[in-house]
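Raw contents of input.cif, mmCIF, C-alpha atoms:
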```cif
data_final
#
loop_
_atom_site.label_atom_id
_atom_site.label_comp_id
_atom_site.auth_asym_id
_atom_site.auth_seq_id
_atom_site.Cartn_x
_atom_site.Cartn_y
_atom_site.Cartn_z
CA MET A 1 95.55 84.75 83.52
CA ARG A 2 96.88 85.88 86.87
CA ASN A 3 96.89 89.65 87.37
CA SER A 4 99.56 90.83 89.80
CA PHE A 5 98.37 94.41 89.44
CA LYS A 6 95.07 93.52 91.09
CA GLU A 7 96.92 91.65 93.83
CA LEU A 8 99.16 94.67 94.35
CA GLU A 9 96.12 96.95 94.63
CA GLU A 10 94.62 94.72 97.32
CA LEU A 11 97.94 94.53 99.14
CA GLU A 12 98.33 98.29 99.15
CA MET A 13 94.75 98.78 100.33
CA GLN A 14 95.48 96.50 103.30
CA ASN A 15 98.75 98.22 104.16
CA VAL A 16 97.64 101.84 103.87
CA SER A 17 95.18 103.15 106.41
CA MET A 18 92.95 105.73 104.87
CA PRO A 19 92.14 108.80 107.00
CA SER A 20 88.50 108.76 105.89
CA ASP A 21 87.10 111.29 108.38
CA ALA A 22 89.92 113.76 107.82
CA ILE A 23 89.24 113.74 104.07
CA LYS A 24 85.48 114.04 104.61
CA ASN A 25 86.01 116.96 107.00
CA GLY A 26 88.26 118.60 104.44
CA ILE A 27 85.68 118.24 101.67
CA THR A 28 82.93 119.63 103.92
CA SER A 29 85.15 122.55 104.87
CA ASP A 30 86.20 123.30 101.26
CA ILE A 31 82.61 123.23 99.99
CA GLY A 32 81.49 125.34 102.96
CA ILE A 33 84.09 128.02 102.19
CA MET A 34 83.11 128.00 98.50
CA LYS A 35 79.42 128.42 99.35
CA TYR A 36 80.23 131.22 101.80
CA VAL A 37 82.37 133.08 99.27
CA SER A 38 79.81 132.58 96.49
CA SER A 39 76.99 133.87 98.70
CA ILE A 40 79.03 136.99 99.52
CA VAL A 41 79.79 137.53 95.84
CA GLU A 42 76.11 137.02 95.01
CA MET A 43 75.11 139.57 97.66
CA TYR A 44 77.63 142.30 96.89
CA PHE A 45 78.43 141.89 93.21
CA PRO A 46 75.36 143.83 91.95
CA LYS A 47 76.20 146.70 94.31
CA LEU A 48 79.82 146.65 93.19
CA ALA A 49 78.73 146.66 89.55
CA ASP A 50 76.47 149.67 90.26
CA LEU A 51 79.36 151.46 91.99
CA ILE A 52 81.71 150.87 89.06
CA ILE A 53 79.07 152.12 86.60
CA SER A 54 78.49 155.22 88.75
CA LEU A 55 82.22 155.91 88.98
CA ALA A 56 82.48 155.55 85.22
CA GLY A 57 79.85 158.26 84.82
CA GLY A 58 76.90 156.10 83.94
CA SER A 59 73.72 155.51 85.85
CA PRO A 60 73.21 152.13 87.44
CA LYS A 61 70.49 149.89 86.07
CA SER A 62 68.56 150.17 89.32
CA ALA A 63 68.48 153.99 88.96
CA ASN A 64 66.98 153.68 85.47
CA ASP A 65 64.33 151.32 86.68
CA PRO A 66 61.06 153.32 87.13
CA LYS A 67 60.04 151.09 90.01
CA SER A 68 63.27 151.74 91.84
CA LYS A 69 62.92 155.49 91.24
CA SER A 70 59.48 155.54 92.72
CA ASN A 71 60.72 153.63 95.72
CA ARG A 72 63.73 155.83 96.17
CA TYR A 73 61.91 159.15 95.94
CA PRO A 74 58.32 158.39 96.91
CA ASP A 75 57.43 162.04 97.61
CA LEU A 76 58.32 163.21 94.12
CA ASN A 77 55.72 161.00 92.40
CA MET B 1 73.44 125.60 104.77
CA PHE B 2 76.87 123.99 104.54
CA ILE B 3 76.87 120.42 103.37
CA ASN B 4 77.92 117.93 105.94
CA LEU B 5 79.27 114.66 104.66
CA LEU B 6 79.58 113.18 108.11
CA ASN B 7 75.91 112.72 108.92
CA PRO B 8 74.47 109.90 106.85
CA VAL B 9 70.70 109.93 106.58
CA ILE B 10 70.21 107.24 103.96
CA SER B 11 70.20 103.76 105.47
CA GLY B 12 73.14 101.47 104.81
CA ALA B 13 71.01 98.97 102.92
CA ALA B 14 69.53 101.65 100.69
CA SER B 15 72.94 103.08 99.89
CA LYS B 16 74.41 99.67 99.08
CA SER B 17 71.64 98.83 96.66
CA MET B 18 71.93 102.18 94.89
CA THR B 19 73.88 102.20 91.64
CA ASP B 20 76.37 104.98 90.92
CA GLY B 21 74.02 106.46 88.33
CA GLU B 22 71.10 106.48 90.75
CA ALA B 23 73.18 108.15 93.46
CA ILE B 24 74.35 110.83 91.01
CA GLU B 25 70.82 111.48 89.74
CA ALA B 26 69.49 111.68 93.30
CA TYR B 27 72.28 114.05 94.32
CA LEU B 28 71.73 116.33 91.35
CA ALA B 29 67.98 116.36 91.90
CA THR B 30 68.06 116.98 95.66
CA GLN B 31 71.57 118.37 96.35
CA ASN B 32 71.47 116.11 99.39
CA ALA B 33 75.08 115.43 100.36
CA ASN B 34 74.17 111.99 101.65
CA TYR B 35 73.82 110.75 98.09
CA PHE B 36 77.32 111.98 97.39
CA ASN B 37 78.36 110.16 100.55
CA VAL B 38 77.28 106.91 98.89
CA LEU B 39 79.79 107.51 96.09
CA TYR B 40 82.43 108.68 98.54
CA ASP B 41 82.13 105.58 100.71
CA ARG B 42 82.25 103.36 97.65
CA TYR B 43 85.33 104.86 96.00
CA SER B 44 87.33 106.89 98.53
CA ALA B 45 89.61 104.02 99.53
CA LYS B 46 90.48 103.23 95.92
CA VAL B 47 91.07 106.88 95.07
CA PHE B 48 93.27 107.27 98.13
CA GLY B 49 95.13 104.07 97.21
CA LYS B 50 95.82 105.34 93.69
CA CYS B 51 96.97 108.73 94.99
CA TYR B 52 99.23 107.03 97.52
CA SER B 53 100.62 104.71 94.88
CA LEU B 54 101.48 107.60 92.53
CA LEU B 55 102.47 110.30 95.02
CA LYS B 56 104.21 107.93 97.49
CA ASN B 57 103.31 110.14 100.43
CA GLU B 58 100.37 109.72 102.81
CA ALA B 59 99.81 113.43 103.51
CA LYS B 60 99.98 114.32 99.82
CA ALA B 61 97.63 111.43 99.01
CA GLN B 62 95.18 112.73 101.60
CA ASP B 63 95.26 116.27 100.21
CA ALA B 64 94.94 114.95 96.66
CA SER B 65 91.95 112.71 97.56
CA GLN B 66 90.24 115.66 99.19
CA GLU B 67 90.75 117.92 96.19
CA ILE B 68 89.70 115.19 93.77
CA PHE B 69 86.39 114.64 95.59
CA VAL B 70 85.73 118.38 95.77
CA LYS B 71 86.39 118.53 92.01
CA VAL B 72 84.06 115.59 91.45
CA LEU B 73 81.36 117.16 93.62
CA LEU B 74 81.54 120.45 91.74
CA ASN B 75 81.59 118.79 88.32
CA LEU B 76 79.08 116.03 88.91
CA CYS B 77 76.54 117.80 86.69
CA LYS B 78 79.03 117.50 83.81
CA PHE B 79 79.18 113.72 84.10
CA SER B 80 77.37 112.56 81.00
CA GLY B 81 77.10 108.88 81.88
CA LYS B 82 78.72 107.79 78.60
CA SER B 83 81.42 106.00 80.56
CA LYS B 84 81.22 104.33 83.96
CA PHE B 85 81.40 106.70 86.94
CA SER B 86 84.46 104.83 88.20
CA THR B 87 86.27 105.43 84.89
CA TRP B 88 85.45 109.13 85.08
CA LEU B 89 86.53 109.34 88.72
CA TYR B 90 89.80 107.49 88.13
CA SER B 91 90.55 109.64 85.10
CA ILE B 92 90.25 112.72 87.34
CA THR B 93 92.44 110.96 89.91
CA TYR B 94 95.20 110.08 87.44
CA ASN B 95 95.18 113.50 85.82
CA PHE B 96 95.26 115.24 89.19
CA CYS B 97 98.16 113.13 90.47
CA ILE B 98 100.09 113.56 87.24
CA ASP B 99 99.61 117.32 87.50
CA VAL B 100 100.86 117.29 91.09
CA ILE B 101 103.94 115.29 90.12
CA ARG B 102 104.51 117.52 87.11
CA LYS B 103 104.41 120.61 89.31
CA ASN B 104 106.79 119.04 91.81
CA LYS B 105 109.28 117.53 89.44
CA LYS B 106 108.79 119.27 86.11
CA ASN B 107 109.75 115.89 84.66
CA ILE B 108 107.21 113.15 84.42
CA GLY B 109 108.68 110.82 81.87
CA VAL B 110 106.79 109.18 79.08
CA LEU B 111 103.44 110.81 79.67
CA VAL B 112 104.56 114.25 78.64
CA ASP B 113 107.60 113.29 76.64
CA ASP B 114 107.50 113.58 72.93
CA ILE B 115 107.47 110.18 71.30
CA SER B 116 110.20 111.32 68.95
CA ALA B 117 112.48 111.68 71.95
CA TYR B 118 112.90 107.92 72.05
CA GLY B 119 115.55 106.11 70.10
CA ASP B 120 114.87 104.06 67.03
CA GLU B 121 115.89 100.76 68.56
CA VAL B 122 113.43 98.00 67.75
CA ILE B 123 112.34 95.93 70.74
CA ASP B 124 110.16 92.83 70.56
CA GLU B 125 106.54 93.24 71.53
CA ILE B 126 106.22 92.48 75.24
CA GLU B 127 103.37 90.12 76.07
CA ASP B 128 100.80 91.29 78.64
CA SER B 129 101.31 88.05 80.57
CA GLU B 130 104.98 88.85 81.13
CA ILE B 131 103.99 91.98 83.06
CA MET B 132 100.76 90.78 84.62
CA GLU B 133 102.28 87.63 86.09
CA THR B 134 105.23 89.36 87.72
CA ASN B 135 105.71 88.56 91.40
CA VAL B 136 103.74 91.17 93.41
CA ILE B 137 106.66 92.30 95.56
CA ARG B 138 108.85 92.74 92.50
CA LEU B 139 106.03 94.44 90.63
CA LYS B 140 105.74 96.99 93.41
CA ALA B 141 109.49 97.59 93.44
CA VAL B 142 109.69 97.98 89.67
CA LEU B 143 106.69 100.33 89.50
CA ASN B 144 108.19 102.48 92.25
CA GLU B 145 111.35 102.89 90.20
CA MET B 146 109.49 103.89 87.04
CA PRO B 147 108.58 107.46 86.03
CA ALA B 148 105.09 108.36 87.25
CA GLY B 149 103.74 108.68 83.72
CA ASP B 150 104.81 105.17 82.75
CA LYS B 151 103.52 103.80 86.03
CA ALA B 152 100.17 105.55 85.64
CA ILE B 153 99.59 104.21 82.15
CA LEU B 154 100.41 100.65 83.24
CA LEU B 155 98.06 100.97 86.22
CA MET B 156 95.30 102.24 83.92
CA LYS B 157 95.75 99.34 81.53
CA TYR B 158 96.36 96.43 83.91
CA GLN B 159 94.97 97.44 87.29
CA ASP B 160 91.88 99.36 86.22
CA GLU B 161 91.58 97.46 82.94
CA PHE B 162 90.71 100.61 81.02
CA SER B 163 90.23 100.21 77.30
CA ILE B 164 92.52 102.06 74.89
CA LYS B 165 89.57 104.35 74.15
CA ASP B 166 89.20 105.19 77.86
CA ILE B 167 92.90 105.95 78.18
CA CYS B 168 92.70 108.16 75.08
CA GLY B 169 89.97 110.13 76.83
CA ILE B 170 91.91 110.37 80.09
CA LEU B 171 95.16 111.51 78.51
CA ASN B 172 93.51 113.44 75.70
CA LYS B 173 95.70 111.64 73.14
CA SER B 174 95.06 109.78 69.93
CA GLU B 175 94.75 105.99 69.90
CA SER B 176 98.09 105.52 68.17
CA ALA B 177 99.83 107.81 70.67
CA VAL B 178 98.35 105.88 73.59
CA LYS B 179 99.37 102.53 72.09
CA MET B 180 102.89 103.85 71.63
CA LYS B 181 102.99 105.10 75.22
CA ILE B 182 101.85 101.73 76.52
CA LYS B 183 104.49 100.00 74.43
CA ARG B 184 107.17 102.34 75.75
CA ALA B 185 105.97 101.89 79.34
CA LYS B 186 106.17 98.10 78.94
CA GLU B 187 109.69 98.40 77.59
CA LYS B 188 110.61 100.64 80.51
CA PHE B 189 109.10 98.07 82.86
CA ARG B 190 111.18 95.29 81.39
CA LYS B 191 114.34 97.40 81.48
CA THR B 192 113.77 98.44 85.10
CA TYR B 193 113.00 94.85 86.09
CA LYS B 194 116.25 93.66 84.54
CA GLU B 195 118.20 96.39 86.31
CA LEU B 196 116.70 95.55 89.68
CA TYR B 197 116.77 91.77 89.39
CA ARG B 198 119.71 91.21 87.08
CA ASP B 199 121.41 88.84 89.48
CA VAL B 200 118.28 87.14 90.75
CA ALA B 201 116.76 86.20 87.39
#
```
For the file at hand, write its structure as structure tokens.
Amino acid sequence: MRNSFKELEELEMQNVSMPSDAIKNGITSDIGIMKYVSSIVEMYFPKLADLIISLAGGSPKSANDPKSKSNRYPDLN
Amino acid sequence: MFINLLNPVISGAASKSMTDGEAIEAYLATQNANYFNVLYDRYSAKVFGKCYSLLKNEAKAQDASQEIFVKVLLNLCKFSGKSKFSTWLYSITYNFCIDVIRKNKKNIGVLVDDISAYGDEVIDEIEDSEIMETNVIRLKAVLNEMPAGDKAILLMKYQDEFSIKDICGILNKSESAVKMKIKRAKEKFRKTYKELYRDVA
């Protein structure tokens, strides 16, 4: 059986020029921005979490960590 | 650090011989963007064509293709391999385009309409051959006049030759709902055809 839908698809592919590089550049740029943002979040989120805990009156996890304490105040040990 | 899709490292012969599954596995194992490039080169034209066909605007089709491939790239680890990669990719494409049209128009026709909204008139079952053997130029004209939802479901069935089960997955509808939507889309096709070519036929 003839399938005009397939013929139409081929016809449209011939008629429409696809801006391949523009799309590729866009994808590269989008992924780059996402990676950049995620690396910033990864870097600063723990510090922000510590700050929020401190502001709420608690002590950050790093302050409770004996290793961190010894590093922070080496002369007291 | 940033991926660059423009610098292919894998040779052309190697990429051509690679199946979709192999390219996905290699990409997930290595995070090397060149493996994703294999999939992009293979399917980008078809994805762009489908976006252009549904959105009817080159700039919008370009933006949509870009967002679809970013979505695919970010969700590639979720691809289970139960269906073909092309089916999965086209399902993302159709859903994305339908969402774009829905946002723009707030009225997409049969795809979001309640089935009960249709009248009770009984129409004879339309044979697939009646639609599939339509003259290409007329087919294009009729499809362009149809609501995007009806057009999309006909393209899924006849152009991509998706099974009912695949379409159920894409639209997240039951089998009976999908069959009803196809039936309604075929009726809409016939009605639109008659309106456009009343005098010619």
Please enumerate the residues selected by the PyMOL selection byres ((chain B) within 10 of (chain A)) when evaluated against the supplied file, formatted as a CSV table (one decimal) with C-alpha atoms, keeping the file's coordinate frame.
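Final file, result.csv:
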```csv
chain,number,residue,atom,x,y,z
B,1,MET,CA,73.4,125.6,104.8
B,2,PHE,CA,76.9,124.0,104.5
B,3,ILE,CA,76.9,120.4,103.4
B,4,ASN,CA,77.9,117.9,105.9
B,5,LEU,CA,79.3,114.7,104.7
B,6,LEU,CA,79.6,113.2,108.1
B,33,ALA,CA,75.1,115.4,100.4
B,37,ASN,CA,78.4,110.2,100.6
B,40,TYR,CA,82.4,108.7,98.5
B,41,ASP,CA,82.1,105.6,100.7
B,44,SER,CA,87.3,106.9,98.5
B,45,ALA,CA,89.6,104.0,99.5
B,46,LYS,CA,90.5,103.2,95.9
B,48,PHE,CA,93.3,107.3,98.1
B,49,GLY,CA,95.1,104.1,97.2
B,50,LYS,CA,95.8,105.3,93.7
B,52,TYR,CA,99.2,107.0,97.5
B,53,SER,CA,100.6,104.7,94.9
B,58,GLU,CA,100.4,109.7,102.8
B,59,ALA,CA,99.8,113.4,103.5
B,61,ALA,CA,97.6,111.4,99.0
B,62,GLN,CA,95.2,112.7,101.6
B,63,ASP,CA,95.3,116.3,100.2
B,64,ALA,CA,94.9,115.0,96.7
B,65,SER,CA,92.0,112.7,97.6
B,66,GLN,CA,90.2,115.7,99.2
B,67,GLU,CA,90.8,117.9,96.2
B,68,ILE,CA,89.7,115.2,93.8
B,69,PHE,CA,86.4,114.6,95.6
B,70,VAL,CA,85.7,118.4,95.8
B,71,LYS,CA,86.4,118.5,92.0
B,73,LEU,CA,81.4,117.2,93.6
B,74,LEU,CA,81.5,120.4,91.7
B,128,ASP,CA,100.8,91.3,78.6
B,129,SER,CA,101.3,88.0,80.6
B,131,ILE,CA,104.0,92.0,83.1
B,132,MET,CA,100.8,90.8,84.6
B,133,GLU,CA,102.3,87.6,86.1
B,134,THR,CA,105.2,89.4,87.7
B,135,ASN,CA,105.7,88.6,91.4
B,136,VAL,CA,103.7,91.2,93.4
B,137,ILE,CA,106.7,92.3,95.6
B,138,ARG,CA,108.8,92.7,92.5
B,139,LEU,CA,106.0,94.4,90.6
B,140,LYS,CA,105.7,97.0,93.4
B,154,LEU,CA,100.4,100.6,83.2
B,155,LEU,CA,98.1,101.0,86.2
B,157,LYS,CA,95.8,99.3,81.5
B,158,TYR,CA,96.4,96.4,83.9
B,159,GLN,CA,95.0,97.4,87.3
B,160,ASP,CA,91.9,99.4,86.2
B,161,GLU,CA,91.6,97.5,82.9
```
key: Between atom CA of Ser83 of chain B and atom CA of Gly169 of chain B - distance in Å to one decimal   =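 The value is 10.2 Å.
Separating atom CA of Val38 of chain B from atom CA of Ala26 of chain B is a distance of 10.7 Å.
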task = Using atom CA of Pro147 of chain B and atom CA of Trp88 of chain B as the two end points, give the distance in Å to one decimal.
result = 23.2 Å
